[in-house]
>>> print(open('upload_38.pdb').read())   # PDB, C-alpha atoms
ATOM      1  CA  MET W   1    -112.966 156.500   5.622
ATOM      2  CA  GLU W   2    -110.788 157.170   2.580
ATOM      3  CA  ASP W   3    -109.006 154.122   1.140
ATOM      4  CA  ASN W   4    -105.358 155.192   0.704
ATOM      5  CA  PRO W   5    -102.850 152.297   0.628
ATOM      6  CA  LEU W   6     -99.913 154.732   1.118
ATOM      7  CA  GLN W   7    -101.335 156.547   4.134
ATOM      8  CA  GLY W   8     -98.695 156.720   6.854
ATOM      9  CA  GLN W   9     -95.941 155.427   4.545
ATOM     10  CA  GLU W  10     -94.905 158.691   2.896
ATOM     11  CA  GLY W  11     -91.318 158.463   4.137
ATOM     12  CA  ARG W  12     -90.877 154.825   3.092
ATOM     13  CA  VAL W  13     -92.486 154.657  -0.352
ATOM     14  CA  SER W  14     -91.155 156.141  -3.589
ATOM     15  CA  VAL W  15     -92.411 156.049  -7.149
ATOM     16  CA  TYR W  16     -90.147 156.506 -10.148
ATOM     17  CA  ARG W  17     -90.955 157.297 -13.739
ATOM     18  CA  VAL W  18     -88.913 155.763 -16.561
ATOM     19  CA  THR W  19     -88.375 157.361 -19.952
ATOM     20  CA  ASP W  20     -86.051 156.913 -22.932
ATOM     21  CA  LEU W  21     -83.677 159.568 -24.263
ATOM     22  CA  ILE W  22     -81.251 159.633 -27.166
ATOM     23  CA  GLY W  23     -78.099 161.741 -26.955
ATOM     24  CA  THR W  24     -75.869 162.491 -29.927
ATOM     25  CA  SER W  25     -72.224 163.480 -30.195
ATOM     26  CA  MET W  26     -69.480 163.775 -32.784
ATOM     27  CA  GLN W  27     -66.953 162.621 -30.114
ATOM     28  CA  SER W  28     -68.060 159.323 -28.503
ATOM     29  CA  TRP W  29     -70.920 157.231 -27.160
ATOM     30  CA  GLU W  30     -69.976 158.296 -23.627
ATOM     31  CA  HIS W  31     -70.203 161.956 -24.596
ATOM     32  CA  ALA W  32     -73.583 161.322 -26.253
ATOM     33  CA  ALA W  33     -74.867 159.789 -22.996
ATOM     34  CA  SER W  34     -73.529 162.746 -21.023
ATOM     35  CA  VAL W  35     -75.248 165.199 -23.391
ATOM     36  CA  ALA W  36     -78.590 163.417 -22.901
ATOM     37  CA  ILE W  37     -78.318 163.373 -19.103
ATOM     38  CA  LYS W  38     -77.275 167.016 -18.894
ATOM     39  CA  ALA W  39     -80.161 168.076 -21.135
ATOM     40  CA  ALA W  40     -82.676 166.034 -19.117
ATOM     41  CA  SER W  41     -81.406 167.367 -15.801
ATOM     42  CA  GLY W  42     -82.422 170.841 -16.935
ATOM     43  CA  THR W  43     -86.102 169.922 -16.641
ATOM     44  CA  LEU W  44     -86.211 166.713 -14.570
ATOM     45  CA  ARG W  45     -85.393 166.537 -10.882
ATOM     46  CA  ASP W  46     -83.972 163.606  -8.953
ATOM     47  CA  ILE W  47     -82.641 161.593 -11.892
ATOM     48  CA  ARG W  48     -81.577 158.356 -10.193
ATOM     49  CA  VAL W  49     -80.461 155.843 -12.837
ATOM     50  CA  ALA W  50     -79.430 155.958 -16.480
ATOM     51  CA  GLU W  51     -79.197 152.628 -18.288
ATOM     52  CA  VAL W  52     -77.600 152.381 -21.740
ATOM     53  CA  VAL W  53     -80.168 150.617 -23.920
ATOM     54  CA  ALA W  54     -78.555 150.904 -27.361
ATOM     55  CA  GLN W  55     -75.695 152.543 -29.190
ATOM     56  CA  ASP W  56     -75.320 153.185 -32.884
ATOM     57  CA  ILE W  57     -73.540 155.427 -35.360
ATOM     58  CA  HIS W  58     -75.181 157.564 -38.007
ATOM     59  CA  VAL W  59     -73.020 157.882 -41.124
ATOM     60  CA  ALA W  60     -73.615 161.026 -43.192
ATOM     61  CA  GLU W  61     -73.241 161.146 -46.973
ATOM     62  CA  ASP W  62     -69.970 163.061 -46.581
ATOM     63  CA  GLY W  63     -68.562 160.307 -44.328
ATOM     64  CA  GLY W  64     -69.031 162.182 -41.058
ATOM     65  CA  ILE W  65     -70.180 160.102 -38.120
ATOM     66  CA  THR W  66     -72.463 160.860 -35.214
ATOM     67  CA  TYR W  67     -72.479 158.623 -32.138
ATOM     68  CA  ARG W  68     -75.935 157.995 -30.712
ATOM     69  CA  THR W  69     -76.642 156.565 -27.264
ATOM     70  CA  LYS W  70     -80.150 155.595 -26.181
ATOM     71  CA  LEU W  71     -80.659 155.798 -22.424
ATOM     72  CA  ARG W  72     -83.474 154.675 -20.183
ATOM     73  CA  ILE W  73     -83.540 157.044 -17.227
ATOM     74  CA  SER W  74     -85.539 156.937 -14.034
ATOM     75  CA  PHE W  75     -86.431 159.905 -11.896
ATOM     76  CA  LYS W  76     -88.512 160.359  -8.791
ATOM     77  CA  TYR W  77     -92.183 160.969  -9.506
ATOM     78  CA  GLU W  78     -93.768 163.759  -7.502
ATOM     79  CA  ALA W  79     -97.556 163.772  -7.418
ATOM     80  CA  ARG W  80     -99.299 167.101  -7.790
ATOM     81  CA  GLU W  81    -100.985 168.235  -4.628
TER      82      GLU W  81
END
>>> encode(input="upload_38.pdb", output="C-alpha cells")
Amino acid sequence: MEDNPLQGQEGRVSVYRVTDLIGTSMQSWEHAASVAIKAASGTLRDIRVAEVVAQDIHVAEDGGITYRTKLRISFKYEARE
C-alpha cells in the first residue's frame, strides 16, 4: 500500500508557491507593481495574491527617478505527472 497523505483529497487540497518580483516604472509605484504582475502572468498560471513588500526610488545621476515595487506573489503549484 502506497503512503499518500493527499489520496482522495485532490479537489480539497491546494499548494501554492511564493516568489518575489521587483517591477520598475518611471510613472509610479502602482505602475511598477502592475508591470511586475503583467510580466509574471506571461509565464506563471493562476497567480492568486500579490503582496507589496517594499517600495523605493532609484535616483539617477541626471536626477531622473525610477519607482521600484517589490512584490511577493503566490501562484498555484502544479505537480508534474
>>> resolve_selection(input="upload_38.pdb", expression="the PyMOL selection byres ((chain W and resi 46-60) around 9)", output="PyMOL selection string")
chain W and resi 16+20+29+33+37+40-41+44-45+61-77
>>> atom_distance(input="upload_38.pdb", atom1="CA of Thr43 (chain W)", atom2="CA of Leu21 (chain W)")
13.1 Å
>>> axis_aligned_box(input="upload_38.pdb", around="region 16-21 of chain W", padding_each_side="3 Å", output="AutoDock Vina command-line options")
--center_x -87.3 --center_y 157.7 --center_z -17.2 --size_x 13.3 --size_y 9.8 --size_z 20.1
>>> atom_distance(input="upload_38.pdb", atom1="CA of Arg80 (chain W)", atom2="CA of Gly42 (chain W)")
19.6 Å
>>> atom_distance(input="upload_38.pdb", atom1="CA of Val35 (chain W)", atom2="CA of Val15 (chain W)")
25.3 Å
>>> build_atoms(input="upload_38.pdb", residues="region 36-55 of chain W", atoms="N, CA and C atoms", output="JSON list (two decimals), in the coordinates of the input")
[["chain", "number", "residue", "atom", "x", "y", "z"],
["W", 36, "ALA", "N", -77.19, 163.73, -23.18],
["W", 36, "ALA", "CA", -78.59, 163.42, -22.90],
["W", 36, "ALA", "C", -78.93, 163.66, -21.43],
["W", 37, "ILE", "N", -78.06, 163.21, -20.54],
["W", 37, "ILE", "CA", -78.32, 163.37, -19.10],
["W", 37, "ILE", "C", -78.29, 164.85, -18.71],
["W", 38, "LYS", "N", -77.35, 165.58, -19.22],
["W", 38, "LYS", "CA", -77.28, 167.02, -18.89],
["W", 38, "LYS", "C", -78.50, 167.75, -19.40],
["W", 39, "ALA", "N", -78.95, 167.43, -20.60],
["W", 39, "ALA", "CA", -80.16, 168.08, -21.14],
["W", 39, "ALA", "C", -81.38, 167.73, -20.29],
["W", 40, "ALA", "N", -81.53, 166.46, -19.92],
["W", 40, "ALA", "CA", -82.68, 166.03, -19.12],
["W", 40, "ALA", "C", -82.66, 166.66, -17.73],
["W", 41, "SER", "N", -81.48, 166.82, -17.16],
["W", 41, "SER", "CA", -81.41, 167.37, -15.80],
["W", 41, "SER", "C", -81.82, 168.84, -15.75],
["W", 42, "GLY", "N", -81.93, 169.47, -16.90],
["W", 42, "GLY", "CA", -82.42, 170.84, -16.93],
["W", 42, "GLY", "C", -83.91, 170.95, -16.64],
["W", 43, "THR", "N", -84.65, 169.88, -16.88],
["W", 43, "THR", "CA", -86.10, 169.92, -16.64],
["W", 43, "THR", "C", -86.60, 168.83, -15.69],
["W", 44, "LEU", "N", -85.81, 167.80, -15.46],
["W", 44, "LEU", "CA", -86.21, 166.71, -14.57],
["W", 44, "LEU", "C", -85.40, 166.78, -13.29],
["W", 45, "ARG", "N", -86.08, 166.56, -12.17],
["W", 45, "ARG", "CA", -85.39, 166.54, -10.88],
["W", 45, "ARG", "C", -85.22, 165.11, -10.41],
["W", 46, "ASP", "N", -84.23, 164.90, -9.59],
["W", 46, "ASP", "CA", -83.97, 163.61, -8.95],
["W", 46, "ASP", "C", -83.80, 162.46, -9.95],
["W", 47, "ILE", "N", -82.99, 162.70, -11.00],
["W", 47, "ILE", "CA", -82.64, 161.59, -11.89],
["W", 47, "ILE", "C", -81.81, 160.62, -11.07],
["W", 48, "ARG", "N", -82.22, 159.35, -11.06],
["W", 48, "ARG", "CA", -81.58, 158.36, -10.19],
["W", 48, "ARG", "C", -80.70, 157.38, -10.96],
["W", 49, "VAL", "N", -81.17, 156.89, -12.10],
["W", 49, "VAL", "CA", -80.46, 155.84, -12.84],
["W", 49, "VAL", "C", -80.54, 156.14, -14.32],
["W", 50, "ALA", "N", -79.44, 155.89, -15.02],
["W", 50, "ALA", "CA", -79.43, 155.96, -16.48],
["W", 50, "ALA", "C", -78.83, 154.66, -16.99],
["W", 51, "GLU", "N", -79.62, 153.92, -17.75],
["W", 51, "GLU", "CA", -79.20, 152.63, -18.29],
["W", 51, "GLU", "C", -78.99, 152.78, -19.79],
["W", 52, "VAL", "N", -77.84, 152.35, -20.30],
["W", 52, "VAL", "CA", -77.60, 152.38, -21.74],
["W", 52, "VAL", "C", -78.39, 151.24, -22.36],
["W", 53, "VAL", "N", -79.30, 151.60, -23.27],
["W", 53, "VAL", "CA", -80.17, 150.62, -23.92],
["W", 53, "VAL", "C", -79.62, 150.21, -25.29],
["W", 54, "ALA", "N", -79.08, 151.19, -26.03],
["W", 54, "ALA", "CA", -78.56, 150.90, -27.36],
["W", 54, "ALA", "C", -77.56, 151.98, -27.75],
["W", 55, "GLN", "N", -76.65, 151.60, -28.63],
["W", 55, "GLN", "CA", -75.69, 152.54, -29.19],
["W", 55, "GLN", "C", -75.61, 152.28, -30.68]]
